[in-house]
Amino acid sequence: MHDTQFKELAGRTVLVTGGAGLIGSRIAAFLRQAGARPLVLCTLDAYPQVTYRDLFGIDPTDPDVIVGDIQNPDVVREAVIESDHVIHAAALADVAACTRKPMAAIHTNITGTQVLLDAVAACERTRRLVFVSSASVYGNGNPKDRARPCEEYRTVRKLLEAVYGRVPPQFHEHTPLRPMSVYANTKAWGETQTALTLGAVGTSYTIVRYFSVYGEPQVIKENSHSWVVAWFATRAALGLPLHLNGGGHQIRDLVHVDDIAAATVRALAAPRAHNETINIGTGTPTSIRTVAELVAAQYPGTRFVETPMPPGDPLGGYAATHRMEAVLGWRPTITVKEGVARYAGWLDKWPGAIPAWLRAESGAATA
C-alpha cells in the first residue's frame, strides 16, 4: 500500500474494538497492509469459533487478540494505554437482537462505549478515536428536509419516483437524526457522547456513519433481518424463496465491506477528518427488490414472497457523499452488481458458511 495518507499509521498500534467480527477483522487486515499493528479486542461470542477462525481469520491465541468485554474497565484501560489510535467498532449491531433485548444493547453499545471513552480521555497517547456509527440514526428522514425547489431537483425527483415509486431521501451529515430502533438510538447517543467526552479533553475523534454493509465472508444470524445480501444469497443457494419485507420497497445504500474498511482507516489517518462526522456510502440508492433481482440472476429460478415489515426497519435512503470525498479524498470502488456476484461466488466455494439451522429449514421446505 503506497498511499501517502497512511504514512502516519506505519509502526503505530491501533486498538480495534470488535476487531474479530466481519467489519473489524477486515479493518485489522487493512491496517496491517498500511504498516500498522492492529490490537483486537473482542468477546468472540457472536459467532461459532469456527466462523472466527476459518472465515474471519482470527486466532484467539494471537497475543494481539484480546478476548475481553468492552464493559470491563481494566481490560479496556490496558488496551488503550498500549495504543496510538482507536477504532471503536464493538457493538451489538443486530437491529432485531437490540429490539428483542434492549438492555443487552444498552450494556454493550452505551455502557461499553462510555468505558472506552473514559479510558481514551484519560490517555494522552491516543491521537484519534474513530467511532463507528450507522446510517440508521437518520431513520426515514423528513420530507421537509428534502425540499429543494430548483429545476434540477424536480428532474431528479421525477426520475426517482419512476424508478422507486417514491422519492428516497438523501441523507446529509447535517440531516436531523430520527432513530427508529433501539440500535439506532444507541448509535445516536454514542455520537453525541464521543463529541462530549473527547471534545472536553481535546482528543481528536471522527464519527463514521456506515450505510448498509455487505460482502464476503458475511454470514447470517438466526432471527435477524439484517445483512440482506447474505440472507438473500444464502436462501437462494438452498432453493428457498426470498422474503421481501413490505414488498421490498425499502431503499439502502449498499457498501462493500472492503470499501468500509478502507474508508475507516482513511478516517483514522486523514488530517481533515479531525472532529468530523462522515457518511460512508456510495451515493447510489438501491431497493431491496433490486437486491433480490441481482441475487436471483445468480440463482435462476429463485422465487420471491412478500412479507410484513419488521419493527424498526426504516424505509431508508442513501448517502450524500460530498463530505466523504472531500475529507477522505476517496470514494467506494465496488458496485452492488459486482459485490452480489462476488458474494454468490464466495458462497459457492464456502458452502459451510450456510448454517445448519437454515439447511434444516430448506429440507423441511422441500420434503
# chains A, B, ... in the order shown; residues from 1 in each chain; ligands from 1
>>> select_by_dssp(residues="stretch 131-297 of chain A", states="helix (DSSP H, G or I)", output="count of residues only")
81
>>> residues_around(residues="A:Asp69", least_positions_apart="4", cutoff="9 Å", atoms="only C-alpha atoms", output="list in words")
Leu41, Cys42, Thr43, Pro73, Val75, Val76, Thr108 and Gly112 of chain A
>>> write_last_selection(atoms="C-alpha atoms", output="tab-separated table (two decimals), in the first residue's frame")
chain	number	residue	atom	x	y	z
A	41	LEU	CA	-10.42	-6.54	21.50
A	42	CYS	CA	-13.50	-8.73	21.17
A	43	THR	CA	-15.64	-11.14	23.21
A	73	PRO	CA	-12.68	-1.02	32.59
A	75	VAL	CA	-9.20	-4.69	30.17
A	76	VAL	CA	-10.11	-1.59	28.17
A	108	THR	CA	-22.71	-3.11	25.06
A	112	GLY	CA	-19.22	-0.25	26.77
>>> residues_around(residues="stretch 241-257 of chain A", least_positions_apart="6", cutoff="9 Å", atoms="only C-alpha atoms", output="MDAnalysis selection string")
chainID A and resid 22:23 26:27 164:166 168:169 210:216 218 231:233 235 280:292 302:310 313:319 332:336 339
>>> residues_around(residues="A:Leu238", least_positions_apart="6", cutoff="10 Å", atoms="only C-alpha atoms", output="PyMOL selection string")
chain A and resi 299+302+354+358-359+361-363+366
>>> residues_around(residues="A:Gln5", least_positions_apart="3", cutoff="8 Å", atoms="only C-alpha atoms", output="list in words")
Glu8, Arg266, Ala269 and Ala270 of chain A
>>> write_last_selection(atoms="C-alpha atoms", output="compact mmCIF listing (two decimals), in the first residue's frame")
# COMPACT_ATOMS: atom_id res chain seq x y z
CA GLU A 8 1.13 8.38 9.83
CA ARG A 266 -8.64 6.69 5.98
CA ALA A 269 -5.36 8.93 9.12
CA ALA A 270 -6.83 11.90 7.21
>>> closest_residue(among="A:Asp118, A:Asp84, A:Asp54, A:Glu191", to="A:Val137", atoms="only C-alpha atoms")
A:Glu191
>>> residues_around(residues="A:His322", least_positions_apart="5", cutoff="12 Å", atoms="only C-alpha atoms", output="CSV table (one decimal) with N, CA, C and O atoms, in the first residue's frame")
chain,number,residue,atom,x,y,z
A,170,GLN,N,-32.0,11.6,0.5
A,170,GLN,CA,-30.6,11.5,0.5
A,170,GLN,C,-30.2,12.1,1.8
A,170,GLN,O,-30.5,13.3,2.2
A,171,PHE,N,-29.4,11.4,2.6
A,171,PHE,CA,-29.1,11.8,4.0
A,171,PHE,C,-27.7,12.5,4.0
A,171,PHE,O,-26.7,12.0,3.6
A,172,HIS,N,-27.8,13.8,4.4
A,172,HIS,CA,-26.6,14.6,4.6
A,172,HIS,C,-26.2,14.5,6.0
A,172,HIS,O,-27.0,14.3,6.9
A,173,GLU,N,-24.9,14.8,6.3
A,173,GLU,CA,-24.4,14.7,7.7
A,173,GLU,C,-25.2,15.7,8.6
A,173,GLU,O,-25.2,15.5,9.8
A,278,ILE,N,-18.9,11.8,9.2
A,278,ILE,CA,-18.8,11.5,7.7
A,278,ILE,C,-19.6,10.3,7.4
A,278,ILE,O,-19.5,9.2,8.0
A,279,ASN,N,-20.5,10.5,6.4
A,279,ASN,CA,-21.2,9.3,5.8
A,279,ASN,C,-20.2,8.4,5.1
A,279,ASN,O,-19.4,8.9,4.3
A,280,ILE,N,-20.4,7.1,5.2
A,280,ILE,CA,-19.6,6.2,4.4
A,280,ILE,C,-20.7,5.4,3.5
A,280,ILE,O,-21.3,4.4,4.0
A,281,GLY,N,-20.8,5.8,2.3
A,281,GLY,CA,-21.8,5.2,1.4
A,281,GLY,C,-21.3,5.4,0.0
A,281,GLY,O,-20.3,6.1,-0.3
A,282,THR,N,-22.1,4.9,-0.9
A,282,THR,CA,-21.8,5.0,-2.4
A,282,THR,C,-22.5,6.2,-3.0
A,282,THR,O,-22.1,6.6,-4.1
A,283,GLY,N,-23.6,6.7,-2.4
A,283,GLY,CA,-24.4,7.7,-3.0
A,283,GLY,C,-25.3,7.2,-4.0
A,283,GLY,O,-26.0,8.0,-4.8
A,327,VAL,N,-13.2,15.1,2.5
A,327,VAL,CA,-12.3,14.9,3.7
A,327,VAL,C,-11.4,13.7,3.5
A,327,VAL,O,-10.2,13.8,3.9
A,328,LEU,N,-11.9,12.6,2.9
A,328,LEU,CA,-11.0,11.4,2.8
A,328,LEU,C,-10.3,11.3,1.5
A,328,LEU,O,-9.3,10.5,1.3
A,329,GLY,N,-10.7,12.1,0.5
A,329,GLY,CA,-10.1,12.1,-0.8
A,329,GLY,C,-10.3,10.7,-1.5
A,329,GLY,O,-9.4,10.2,-2.2
A,330,TRP,N,-11.5,10.2,-1.3
A,330,TRP,CA,-11.7,8.8,-1.7
A,330,TRP,C,-13.2,8.5,-2.0
A,330,TRP,O,-14.0,9.2,-1.4
A,331,ARG,N,-13.5,7.5,-2.7
A,331,ARG,CA,-14.9,7.0,-2.8
A,331,ARG,C,-14.8,5.5,-3.1
A,331,ARG,O,-13.9,5.0,-3.5
>>> closest_residue(among="A:Val229, A:Ile70, A:Ala326, A:Val219", to="A:Leu92", atoms="only C-alpha atoms")
A:Ile70
>>> closest_residue(among="A:Thr51, A:His85, A:Thr194, A:Asp3", to="A:Leu39", atoms="only C-alpha atoms")
A:His85
>>> closest_residue(among="A:Pro311, A:Pro355, A:Gly345, A:Pro217", to="A:Thr99", atoms="only C-alpha atoms")
A:Pro311
>>> select_by_dssp(residues="stretch 54-279 of chain A", states="strand (DSSP E)", output="PyMOL selection string")
chain A and resi 65-67+85-88+128-134+170-171+204-210+212-214+242-245+251-252+254-256+276-279
>>> closest_residue(among="A:Pro48, A:Ala96, A:Leu268, A:Glu124", to="A:Val14", atoms="only C-alpha atoms")
A:Leu268
>>> residues_around(residues="A:Pro60", least_positions_apart="4", cutoff="10 Å", atoms="only C-alpha atoms", output="ChimeraX atom specification")
/A:20,40,42,44,49,52-53,64-67
>>> closest_residue(among="A:Gly190, A:Ala230, A:Leu117, A:Asp258", to="A:Ser25", atoms="only C-alpha atoms")
A:Asp258
>>> atom_distance(atom1="atom CA of A:Leu31", atom2="atom CA of A:Ile106")
29.1 Å
